[in-house]
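Trainee: So here's input-v5.txt, just compact mmCIF, C-alpha atoms and all ligand atoms:
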```txt
# COMPACT_ATOMS: atom_id res chain seq x y z
CA MET D 1 0.00 0.00 0.00
CA ALA D 2 2.65 2.47 1.06
CA ALA D 3 4.79 1.64 -1.96
CA THR D 4 1.90 2.25 -4.35
CA VAL D 5 1.14 5.55 -2.70
CA LEU D 6 4.75 6.60 -3.01
CA GLN D 7 4.86 5.69 -6.70
CA GLN D 8 1.81 7.79 -7.30
CA ASP D 9 3.27 10.67 -5.35
CA THR D 10 3.32 12.93 -8.39
CA PRO D 11 0.55 11.96 -10.76
CA HIS D 12 1.95 13.94 -13.66
CA ASP D 13 -1.12 13.64 -15.81
CA THR D 14 -3.47 15.15 -13.27
CA HIS D 15 -0.97 17.77 -12.34
CA GLU D 16 -0.29 18.88 -15.89
CA ALA D 17 -3.97 18.94 -16.72
CA LEU D 18 -4.86 20.94 -13.63
CA GLY D 19 -1.77 23.09 -13.16
CA LEU D 20 0.39 22.77 -10.08
CA THR D 21 -1.67 25.11 -7.89
CA ALA D 22 -4.93 23.33 -8.62
CA HIS D 23 -3.27 19.95 -8.19
CA LEU D 24 -1.91 20.77 -4.73
CA ILE D 25 -5.23 22.29 -3.67
CA GLN D 26 -7.01 19.15 -4.79
CA LEU D 27 -4.60 16.93 -2.79
CA GLU D 28 -5.02 19.04 0.32
CA ASP D 29 -8.78 19.04 0.05
CA GLN D 30 -8.88 15.32 -0.56
CA TYR D 31 -6.57 14.22 2.26
CA GLY D 32 -6.67 17.08 4.74
CA THR D 33 -9.29 18.22 7.22
CA HIS D 34 -11.29 21.18 6.03
CA ASN D 35 -10.94 23.20 9.22
CA TYR D 36 -9.79 26.31 7.32
CA LYS D 37 -10.95 28.11 4.21
CA PRO D 38 -7.63 29.42 2.89
CA LEU D 39 -7.18 31.69 -0.07
CA ASP D 40 -6.14 29.59 -3.05
CA VAL D 41 -2.51 30.67 -3.10
CA VAL D 42 0.00 27.86 -2.61
CA VAL D 43 3.11 29.34 -1.03
CA GLU D 44 6.44 27.75 -1.78
CA ARG D 45 8.89 30.19 -0.27
CA ALA D 46 9.08 33.59 1.37
CA GLU D 47 11.61 36.24 2.25
CA GLY D 48 10.98 39.33 4.38
CA VAL D 49 7.59 40.74 3.46
CA TRP D 50 7.32 38.84 0.18
CA VAL D 51 5.95 35.36 -0.40
CA TYR D 52 6.14 33.37 -3.64
CA ASP D 53 3.67 30.77 -4.84
CA VAL D 54 4.44 27.54 -6.69
CA GLU D 55 3.96 29.30 -10.02
CA GLY D 56 6.59 31.89 -9.10
CA ARG D 57 4.11 34.74 -8.51
CA ARG D 58 5.05 37.23 -5.82
CA TYR D 59 2.78 38.64 -3.10
CA LEU D 60 3.15 41.21 -0.34
CA ASP D 61 2.22 39.47 2.91
CA CYS D 62 -0.20 41.70 4.81
CA LEU D 63 -1.14 39.11 7.45
CA ALA D 64 2.25 37.90 8.70
CA ALA D 65 0.77 34.57 9.82
CA TYR D 66 -1.55 36.35 12.25
CA SER D 67 1.44 38.32 13.59
CA ALA D 68 3.67 35.29 14.12
CA VAL D 69 6.19 36.65 11.60
CA ASN D 70 6.50 40.24 12.83
CA GLN D 71 10.23 39.92 12.09
CA GLY D 72 9.55 39.07 8.42
CA HIS D 73 9.74 35.65 6.78
CA CYS D 74 12.89 33.60 7.16
CA HIS D 75 14.76 36.36 8.96
CA PRO D 76 18.46 35.60 8.35
CA ARG D 77 19.53 36.07 11.98
CA ILE D 78 16.82 33.79 13.31
CA LEU D 79 17.53 31.30 10.54
CA SER D 80 21.20 31.07 11.47
CA ALA D 81 20.36 30.68 15.16
CA MET D 82 18.07 27.82 14.22
CA ILE D 83 20.61 26.11 11.99
CA GLU D 84 23.37 26.54 14.55
CA GLN D 85 21.20 25.06 17.29
CA ALA D 86 20.00 22.22 15.04
CA HIS D 87 23.60 21.09 14.72
CA LYS D 88 24.01 21.01 18.51
CA VAL D 89 20.92 19.65 20.25
CA THR D 90 17.21 20.11 19.52
CA LEU D 91 15.32 18.35 22.27
CA THR D 92 16.33 17.10 25.69
CA SER D 93 12.88 17.00 27.31
CA ARG D 94 12.69 18.59 30.71
CA ALA D 95 13.96 15.41 32.30
CA PHE D 96 17.35 17.08 31.85
CA ARG D 97 18.43 20.70 31.75
CA ASN D 98 19.68 22.42 28.61
CA ASP D 99 21.95 25.41 28.13
CA GLN D 100 19.48 27.56 26.15
CA LEU D 101 16.51 27.55 28.55
CA PRO D 102 18.13 29.53 31.37
CA ARG D 103 19.51 32.06 28.90
CA PHE D 104 16.12 32.54 27.24
CA LEU D 105 14.42 32.90 30.63
CA GLU D 106 16.94 35.57 31.57
CA ASP D 107 16.36 37.37 28.25
CA LEU D 108 12.59 37.34 28.88
CA HIS D 109 13.07 38.72 32.38
CA ASN D 110 15.44 41.44 31.17
CA LEU D 111 13.11 42.44 28.36
CA THR D 112 9.82 42.46 30.28
CA GLY D 113 10.67 42.71 33.96
CA TYR D 114 8.52 39.67 34.84
CA GLU D 115 10.09 37.54 37.55
CA MET D 116 9.40 34.11 36.11
CA ALA D 117 8.10 32.36 33.02
CA LEU D 118 6.49 29.05 32.16
CA LEU D 119 7.32 27.98 28.62
CA MET D 120 4.98 26.11 26.33
CA ASN D 121 4.61 25.74 22.56
CA SER D 122 1.38 26.96 21.02
CA GLY D 123 -0.48 30.03 22.17
CA THR D 124 -3.42 27.87 23.15
CA GLU D 125 -1.21 25.86 25.48
CA ALA D 126 0.06 29.04 27.11
CA VAL D 127 -3.52 30.20 27.72
CA GLU D 128 -4.43 26.77 29.13
CA SER D 129 -1.39 26.95 31.38
CA ALA D 130 -2.29 30.45 32.55
CA LEU D 131 -5.80 29.25 33.44
CA LYS D 132 -4.37 26.36 35.46
CA VAL D 133 -1.86 28.60 37.21
CA ALA D 134 -4.53 31.21 38.01
CA ARG D 135 -6.80 28.57 39.50
CA LYS D 136 -4.04 27.10 41.61
CA TRP D 137 -2.98 30.56 42.79
CA GLY D 138 -6.65 31.20 43.63
CA TYR D 139 -6.74 28.18 45.92
CA LYS D 140 -3.26 28.24 47.41
CA VAL D 141 -2.66 31.97 47.77
CA LYS D 142 -5.99 33.77 47.64
CA GLY D 143 -7.77 31.06 49.64
CA ILE D 144 -10.72 30.35 47.34
CA PRO D 145 -12.64 27.24 48.54
CA ALA D 146 -11.79 24.04 46.59
CA ASN D 147 -13.20 23.87 43.05
CA GLN D 148 -14.97 27.23 43.33
CA ALA D 149 -12.50 29.39 41.38
CA GLU D 150 -13.99 31.67 38.74
CA ILE D 151 -12.24 33.29 35.81
CA ILE D 152 -13.81 36.26 34.05
CA VAL D 153 -13.43 36.70 30.28
CA CYS D 154 -14.85 39.00 27.61
CA THR D 155 -17.33 38.70 24.78
CA ASN D 156 -15.79 38.19 21.33
CA ASN D 157 -12.65 36.78 22.94
CA PHE D 158 -10.23 34.57 21.09
CA HIS D 159 -7.85 32.57 23.25
CA GLY D 160 -7.53 29.29 21.32
CA ARG D 161 -9.40 26.13 20.48
CA THR D 162 -9.13 23.57 23.27
CA ILE D 163 -12.28 22.44 25.02
CA SER D 164 -11.60 24.52 28.12
CA ILE D 165 -10.95 27.65 26.05
CA ILE D 166 -13.96 27.26 23.75
CA SER D 167 -16.01 26.70 26.89
CA PHE D 168 -15.96 30.49 27.29
CA SER D 169 -16.03 31.50 23.63
CA THR D 170 -18.98 33.60 22.50
CA GLU D 171 -18.60 32.41 18.92
CA ASP D 172 -21.32 29.78 18.30
CA GLN D 173 -19.38 27.95 15.60
CA TYR D 174 -16.37 27.45 17.87
CA ARG D 175 -18.58 25.55 20.33
CA ASP D 176 -21.14 23.81 18.13
CA GLY D 177 -20.74 20.07 18.46
CA PHE D 178 -17.95 20.17 21.05
CA GLY D 179 -19.79 20.11 24.38
CA PRO D 180 -20.01 19.38 27.27
CA PHE D 181 -18.07 22.43 28.37
CA LEU D 182 -15.98 23.37 31.37
CA SER D 183 -17.53 25.46 34.13
CA GLY D 184 -15.92 28.20 36.17
CA PHE D 185 -15.98 31.03 33.61
CA LYS D 186 -18.02 34.21 33.45
CA VAL D 187 -18.35 36.26 30.29
CA ILE D 188 -18.74 40.04 30.46
CA PRO D 189 -18.88 42.64 27.66
CA PHE D 190 -15.45 43.68 26.32
CA GLY D 191 -14.63 47.30 27.10
CA ASP D 192 -17.02 47.57 30.04
CA ALA D 193 -15.16 48.12 33.32
CA ALA D 194 -18.36 48.47 35.34
CA ALA D 195 -19.37 44.96 34.21
CA LEU D 196 -16.06 43.65 35.54
CA ARG D 197 -16.64 45.30 38.92
CA THR D 198 -20.08 43.67 39.13
CA ALA D 199 -18.92 40.23 37.99
CA ILE D 200 -16.14 39.86 40.56
CA THR D 201 -16.92 37.74 43.63
CA PRO D 202 -14.68 36.51 46.46
CA ASN D 203 -14.12 33.39 44.31
CA THR D 204 -12.76 35.27 41.31
CA ALA D 205 -9.18 34.23 40.62
CA ALA D 206 -8.49 36.07 37.39
CA PHE D 207 -9.66 38.30 34.58
CA LEU D 208 -8.39 37.16 31.16
CA VAL D 209 -8.45 39.76 28.38
CA GLU D 210 -6.90 40.65 25.03
CA PRO D 211 -5.83 44.31 25.27
CA ILE D 212 -6.99 44.63 21.65
CA GLN D 213 -9.16 41.86 20.24
CA GLY D 214 -7.47 40.63 17.06
CA GLU D 215 -9.69 37.84 15.80
CA ALA D 216 -12.77 39.89 16.62
CA GLY D 217 -11.49 42.41 14.06
CA VAL D 218 -8.89 44.57 15.80
CA LEU D 219 -11.41 45.82 18.36
CA ILE D 220 -9.86 48.55 20.48
CA PRO D 221 -11.52 49.12 23.88
CA PRO D 222 -12.33 52.65 25.11
CA ASP D 223 -9.36 54.68 26.35
CA GLY D 224 -8.72 54.03 30.01
CA TYR D 225 -10.53 50.68 30.03
CA LEU D 226 -7.47 48.53 30.63
CA ALA D 227 -6.16 50.82 33.35
CA GLU D 228 -9.54 50.83 35.09
CA ALA D 229 -9.97 47.06 34.76
CA PHE D 230 -6.46 46.63 36.14
CA ALA D 231 -7.27 48.84 39.15
CA ILE D 232 -10.47 46.89 39.79
CA CYS D 233 -8.51 43.63 39.73
CA LYS D 234 -5.90 45.06 42.11
CA GLY D 235 -8.59 46.21 44.52
CA ASN D 236 -10.12 42.73 44.63
CA LYS D 237 -7.00 40.54 44.59
CA VAL D 238 -7.85 39.26 41.12
CA LEU D 239 -5.11 38.44 38.63
CA PHE D 240 -5.20 40.64 35.54
CA MET D 241 -4.10 38.30 32.73
CA ALA D 242 -3.31 39.86 29.34
CA ASP D 243 -3.36 37.58 26.31
CA GLU D 244 -0.82 39.36 24.12
CA ILE D 245 -0.21 36.42 21.82
CA GLN D 246 -1.27 38.54 18.84
CA SER D 247 -1.06 42.09 20.17
CA GLY D 248 2.39 41.69 21.70
CA LEU D 249 5.97 41.90 20.51
CA GLY D 250 5.73 45.14 18.60
CA ARG D 251 2.48 44.75 16.70
CA THR D 252 0.65 47.76 18.18
CA GLY D 253 3.59 50.17 18.18
CA LYS D 254 4.76 49.24 21.68
CA LEU D 255 6.51 46.06 22.74
CA PHE D 256 3.24 45.12 24.46
CA ALA D 257 -0.19 46.65 24.01
CA TYR D 258 -0.66 47.08 27.76
CA GLU D 259 2.02 49.77 27.68
CA HIS D 260 -0.43 52.08 25.92
CA GLU D 261 -2.25 52.37 29.25
CA GLY D 262 0.74 52.35 31.55
CA ILE D 263 -0.15 49.14 33.37
CA THR D 264 1.77 45.94 34.03
CA PRO D 265 -0.55 42.94 33.93
CA ASP D 266 -0.08 40.37 36.68
CA VAL D 267 0.14 37.66 34.04
CA LEU D 268 1.33 38.13 30.46
CA ILE D 269 0.69 35.46 27.84
CA VAL D 270 2.91 35.50 24.74
CA GLY D 271 3.35 33.32 21.67
CA LYS D 272 3.26 33.77 17.90
CA ALA D 273 6.12 36.22 17.07
CA LEU D 274 8.08 34.99 20.09
CA ALA D 275 9.89 32.69 17.66
CA GLY D 276 9.56 34.66 14.43
CA GLY D 277 7.50 32.02 12.65
CA PHE D 278 10.24 29.40 12.79
CA TYR D 279 8.95 27.41 15.70
CA PRO D 280 5.98 27.33 18.07
CA VAL D 281 7.09 28.95 21.31
CA SER D 282 4.77 30.44 23.92
CA GLY D 283 4.98 31.45 27.52
CA VAL D 284 3.22 32.64 30.64
CA LEU D 285 5.13 35.44 32.35
CA THR D 286 4.28 36.50 35.87
CA SER D 287 5.52 36.88 39.43
CA ARG D 288 7.19 34.41 41.72
CA GLU D 289 4.07 34.55 43.90
CA VAL D 290 1.95 33.19 41.05
CA LEU D 291 4.27 30.74 39.29
CA GLY D 292 5.61 29.66 42.66
CA VAL D 293 2.43 27.61 43.16
CA ILE D 294 3.62 25.20 40.49
CA THR D 295 5.75 22.39 41.90
CA PRO D 296 7.48 19.51 40.09
CA GLY D 297 4.91 17.26 38.47
CA ASP D 298 2.04 19.80 38.50
CA HIS D 299 2.30 20.69 34.82
CA GLY D 300 4.52 19.91 31.87
CA SER D 301 5.25 19.70 28.18
CA THR D 302 7.70 17.46 26.32
CA PHE D 303 8.66 20.28 23.96
CA GLY D 304 8.16 23.29 26.24
CA GLY D 305 11.45 25.07 26.86
CA ASN D 306 13.42 22.87 24.48
CA PRO D 307 16.83 24.12 23.36
CA MET D 308 15.77 24.68 19.74
CA ALA D 309 12.75 26.71 20.82
CA CYS D 310 14.82 28.78 23.22
CA ALA D 311 17.65 29.46 20.76
CA VAL D 312 15.20 30.52 18.06
CA ALA D 313 13.16 32.65 20.47
CA ARG D 314 16.27 34.39 21.80
CA ALA D 315 17.24 35.41 18.26
CA SER D 316 13.64 36.44 17.52
CA LEU D 317 13.51 38.76 20.54
CA LYS D 318 16.88 40.25 19.59
CA VAL D 319 15.55 41.12 16.15
CA ILE D 320 12.46 42.81 17.61
CA VAL D 321 14.60 44.92 19.93
CA GLU D 322 17.62 45.66 17.72
CA GLU D 323 15.59 46.43 14.61
CA HIS D 324 13.26 48.68 16.64
CA LEU D 325 10.21 46.87 15.32
CA ALA D 326 7.79 48.40 17.84
CA ASP D 327 8.84 51.94 16.82
CA ARG D 328 8.58 51.03 13.15
CA SER D 329 5.11 49.68 13.79
CA ALA D 330 4.02 52.93 15.46
CA GLU D 331 5.45 55.13 12.72
CA LEU D 332 4.40 53.11 9.70
CA GLY D 333 1.04 52.26 11.25
CA THR D 334 0.16 55.94 11.43
CA LEU D 335 1.29 56.46 7.86
CA PHE D 336 -0.69 53.46 6.60
CA ILE D 337 -3.92 54.20 8.44
CA ASN D 338 -3.86 57.82 7.33
CA ARG D 339 -3.38 56.73 3.73
CA LEU D 340 -6.18 54.14 3.98
CA ARG D 341 -8.49 56.79 5.43
CA GLN D 342 -8.08 58.78 2.22
CA ILE D 343 -9.86 56.01 0.33
CA ASN D 344 -13.25 57.23 -0.64
CA SER D 345 -15.58 54.26 -0.77
CA PRO D 346 -19.22 53.97 0.27
CA HIS D 347 -18.45 50.40 1.36
CA ILE D 348 -16.16 51.39 4.23
CA ILE D 349 -17.86 51.55 7.63
CA GLU D 350 -14.73 52.15 9.69
CA ILE D 351 -10.96 51.95 9.52
CA ARG D 352 -9.36 51.36 12.91
CA GLY D 353 -6.06 50.19 14.22
CA ARG D 354 -3.05 50.62 16.42
CA GLY D 355 0.44 50.41 14.98
CA LEU D 356 0.63 48.17 11.95
CA TRP D 357 -2.53 46.35 12.99
CA ILE D 358 -5.38 47.78 11.04
CA ALA D 359 -8.88 46.64 10.18
CA ILE D 360 -11.25 47.87 7.51
CA GLU D 361 -14.86 47.13 8.36
CA LEU D 362 -17.06 46.96 5.27
CA THR D 363 -20.71 46.98 4.36
CA THR D 364 -20.01 44.10 1.96
CA PRO D 365 -18.44 40.64 2.35
CA ALA D 366 -14.68 40.86 2.77
CA ARG D 367 -13.79 37.54 1.14
CA PRO D 368 -14.17 38.65 -2.51
CA ILE D 369 -12.07 41.71 -1.71
CA CYS D 370 -9.30 39.54 -0.23
CA GLU D 371 -9.47 37.40 -3.37
CA ALA D 372 -9.22 40.47 -5.59
CA LEU D 373 -6.28 41.74 -3.53
CA MET D 374 -4.59 38.36 -3.96
CA ARG D 375 -4.85 38.76 -7.73
CA GLU D 376 -3.21 42.18 -7.29
CA GLY D 377 -0.35 40.61 -5.34
CA ILE D 378 -1.43 41.33 -1.77
CA LEU D 379 -2.21 38.65 0.80
CA CYS D 380 -4.63 39.43 3.58
CA LYS D 381 -7.53 37.62 5.13
CA GLU D 382 -11.05 38.41 6.18
CA THR D 383 -12.02 38.05 9.81
CA HIS D 384 -15.73 37.58 10.38
CA ASP D 385 -17.71 38.28 7.20
CA ASN D 386 -17.02 41.91 6.59
CA ILE D 387 -13.68 42.85 8.16
CA ILE D 388 -10.25 42.82 6.53
CA ARG D 389 -7.27 42.79 8.86
CA PHE D 390 -3.88 44.15 7.76
CA ALA D 391 -0.90 43.04 9.83
CA PRO D 392 2.20 43.02 7.63
CA PRO D 393 5.62 42.04 8.96
CA LEU D 394 6.97 44.99 10.94
CA ILE D 395 10.11 45.18 8.79
CA ILE D 396 7.99 46.43 5.88
CA GLU D 397 9.20 49.57 4.10
CA LYS D 398 7.14 52.73 3.64
CA GLU D 399 7.18 52.33 -0.16
CA GLU D 400 5.80 48.81 0.12
CA LEU D 401 2.95 49.97 2.34
CA LEU D 402 2.07 52.78 -0.03
CA TRP D 403 2.19 50.34 -2.94
CA ALA D 404 -0.26 48.11 -1.05
CA ALA D 405 -2.51 51.06 -0.19
CA ASP D 406 -2.80 52.01 -3.90
CA ARG D 407 -3.94 48.51 -4.71
CA ILE D 408 -6.35 48.37 -1.77
CA GLU D 409 -7.84 51.64 -3.01
CA GLU D 410 -8.25 50.31 -6.56
CA VAL D 411 -9.88 47.09 -5.38
CA LEU D 412 -12.27 48.87 -3.01
CA LYS D 413 -13.24 51.37 -5.70
CA ALA D 414 -14.04 48.54 -8.09
CA VAL D 415 -16.53 46.92 -5.67
C1 LIG T 501 -3.43 33.00 17.98
C2 LIG T 501 -3.96 33.32 19.30
C3 LIG T 501 -4.11 32.33 20.29
C4 LIG T 501 -3.81 30.87 20.02
O1 LIG T 501 -2.50 30.67 19.62
P1 LIG T 501 -2.10 29.32 18.81
O2 LIG T 501 -0.63 29.41 18.66
O3 LIG T 501 -2.86 29.36 17.52
O4 LIG T 501 -2.52 28.17 19.66
C5 LIG T 501 -4.56 32.71 21.53
N1 LIG T 501 -4.85 33.99 21.81
C6 LIG T 501 -4.74 34.97 20.88
C7 LIG T 501 -5.07 36.38 21.25
C8 LIG T 501 -4.31 34.66 19.59
O5 LIG T 501 -4.23 35.62 18.67
```
Mind converting the file's structure to structure tokens?

Mentor:
Amino acid sequence: MAATVLQQDTPHDTHEALGLTAHLIQLEDQYGTHNYKPLDVVVERAEGVWVYDVEGRRYLDCLAAYSAVNQGHCHPRILSAMIEQAHKVTLTSRAFRNDQLPRFLEDLHNLTGYEMALLMNSGTEAVESALKVARKWGYKVKGIPANQAEIIVCTNNFHGRTISIISFSTEDQYRDGFGPFLSGFKVIPFGDAAALRTAITPNTAAFLVEPIQGEAGVLIPPDGYLAEAFAICKGNKVLFMADEIQSGLGRTGKLFAYEHEGITPDVLIVGKALAGGFYPVSGVLTSREVLGVITPGDHGSTFGGNPMACAVARASLKVIVEEHLADRSAELGTLFINRLRQINSPHIIEIRGRGLWIAIELTTPARPICEALMREGILCKETHDNIIRFAPPLIIEKEELLWAADRIEEVLKAV
């Protein structure tokens, strides 16, 4: 069976008849789960802000893998760190120590000021870990009665796809067919500090929030909301947990979005750009008081904190800092949003954003516009039905952004 499959690996007839793009799409649709609805561009390689499909066509990446490649594709410094580490050791498991983990932990502390970190792989795992840590802190430190801990979250949240996380999603499709769900979560409206005050009880361990909601369509809460929510949490001994997996690491024009309101969350959750798109690396950063509740055997991950992950993440953080990506994001974001706001189209409801993280909300479906932009050489993706999110790599040049804006204008005018 396997031998036959291998022989038929490249069915030249089909592939010549269909063209390579269509052939690969057909294979993926036949053998892969249809849990995404990607644009029909088959990427073969990428460099910086540009990606190339299997036919050799070039596109400007205006999504940056949902902000996982803020440093640009295949950044040479991260690439060499990865290759160098691959020659040494890639995985030890945490049964043994490795020489990269302590150095990465120190880098994280020096960069953010957080006392300790717990390293995981995907963003979802980091959120899961933060929920576990918050609950345990609630019992061991705050003194919440056993199994009574509550965690407050917001409407339109996106924190991942595991059963515990979708248990508090407000997106019907994310939950449909996946019950029964986990209890212990309360959902309040995003941006409403008074609702937070009301929802807190003596059993509340934590408030989990995205400082700006990315998947919801770059939803920015009212000015002062995060600071007020943070003060409410402080006043009630509730952990303020910021999910900065998408908003963090330069995307909004600051290293972290919480800096816009001058607060320091009790718990910071990071992922995505933490390893520049080379590797899944995520983490929960917080105080010794909080992570101190975790003792050997409480929690773990075979790959979490592995030497490859740590070497790649160290180089990725260096690039963000040394190439001033947060400042670039602030500067170029202002330029880009101002240019987009010059577009005169009756189909635009609102253009909003912070740094190089910008959404255009439309009166019409966004998908056909993303498809038209793809034909013009720009890759971006709709979120919900009528919102287009732009989040290019932060190394993008001004000229490239203006080139994209011209094309976005043309496509929107043709609707
Ligand atoms: C992407 C994302 C996650 C999940 O991260 P994965 O790496 O896809 O598991 C969680 N929270 C936010 C805010 C995200 O943007």

Trainee: Select the residues contacting ligand LIG 501 (chain T) at a distance of at most 10 Å, based on all atoms listed in the file, then format the selection as a VMD selection string.

Mentor: chain D and resid 65 to 68 121 to 128 157 to 162 165 209 to 216 242 to 248 269 to 273 280 to 282

Trainee: D:Asp327: which residues within 12 Å, counting all atoms listed in the file, same-chain residues fewer than 4 positions away excluded, as a PDB file with C-alpha atoms, in the frame of the given file?

Mentor:
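Listing of result34.pdb after writing:
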```pdb
ATOM      1  CA  LEU D 249       5.970  41.900  20.510  1.00  0.00           C
ATOM      2  CA  GLY D 250       5.730  45.140  18.600  1.00  0.00           C
ATOM      3  CA  ARG D 251       2.480  44.750  16.700  1.00  0.00           C
ATOM      4  CA  THR D 252       0.650  47.760  18.180  1.00  0.00           C
ATOM      5  CA  GLY D 253       3.590  50.170  18.180  1.00  0.00           C
ATOM      6  CA  LYS D 254       4.760  49.240  21.680  1.00  0.00           C
ATOM      7  CA  LEU D 255       6.510  46.060  22.740  1.00  0.00           C
ATOM      8  CA  PHE D 256       3.240  45.120  24.460  1.00  0.00           C
ATOM      9  CA  ILE D 320      12.460  42.810  17.610  1.00  0.00           C
ATOM     10  CA  VAL D 321      14.600  44.920  19.930  1.00  0.00           C
ATOM     11  CA  GLU D 322      17.620  45.660  17.720  1.00  0.00           C
ATOM     12  CA  GLU D 323      15.590  46.430  14.610  1.00  0.00           C
ATOM     13  CA  GLU D 331       5.450  55.130  12.720  1.00  0.00           C
ATOM     14  CA  LEU D 332       4.400  53.110   9.700  1.00  0.00           C
ATOM     15  CA  GLY D 333       1.040  52.260  11.250  1.00  0.00           C
ATOM     16  CA  THR D 334       0.160  55.940  11.430  1.00  0.00           C
ATOM     17  CA  ARG D 354      -3.050  50.620  16.420  1.00  0.00           C
ATOM     18  CA  GLY D 355       0.440  50.410  14.980  1.00  0.00           C
ATOM     19  CA  LEU D 356       0.630  48.170  11.950  1.00  0.00           C
ATOM     20  CA  LEU D 394       6.970  44.990  10.940  1.00  0.00           C
ATOM     21  CA  ILE D 395      10.110  45.180   8.790  1.00  0.00           C
TER      22      ILE D 395
END
```

Trainee: Fewer than 2 positions away in the same chain doesn't count, so skip those; otherwise give me all residues within 6 Å of stretch 224-234 of chain D, counting all atoms listed in the file, as a short mmCIF file (atom, residue, chain, number, x, y, z; two decimals) with C-alpha atoms, in the coordinates of the input.

Mentor:
```
data_model
loop_
_atom_site.label_atom_id
_atom_site.label_comp_id
_atom_site.auth_asym_id
_atom_site.auth_seq_id
_atom_site.Cartn_x
_atom_site.Cartn_y
_atom_site.Cartn_z
CA ALA D 193 -15.16 48.12 33.32
CA PRO D 222 -12.33 52.65 25.11
CA ASN D 236 -10.12 42.73 44.63
CA LYS D 237 -7.00 40.54 44.59
CA VAL D 238 -7.85 39.26 41.12
CA GLU D 261 -2.25 52.37 29.25
#
```

Trainee: Can you list, as a list in words, every protein, DNA or RNA residue that comes within 7 Å of stretch 310-319 of chain D when you count all atoms listed in the file, leaving out same-chain residues fewer than 2 positions away?

Mentor: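 Those residues are Gln71, Arg77, Ile78, Ala81, Met82, Gln85, Gln100, Leu101, Phe104, Leu274, Ala275, Gly276, Gly305, Asn306, Pro307, Met308, Val321, Glu322 and Glu323 of chain D.
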
Trainee: Interatomic distance between atom CA of D:Glu28 and atom CA of D:Cys380?

Mentor: 20.7 Å

Trainee: Quick one, how far is atom CA of D:Thr363 from atom CA of D:Glu382?

Mentor: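 These atoms are spaced 13.0 Å apart.
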
Trainee: Which one is closest to D:Pro392: D:Phe185, D:Tyr174, D:Trp50, D:Phe207? Count only C-alpha atoms.

Mentor: D:Trp50
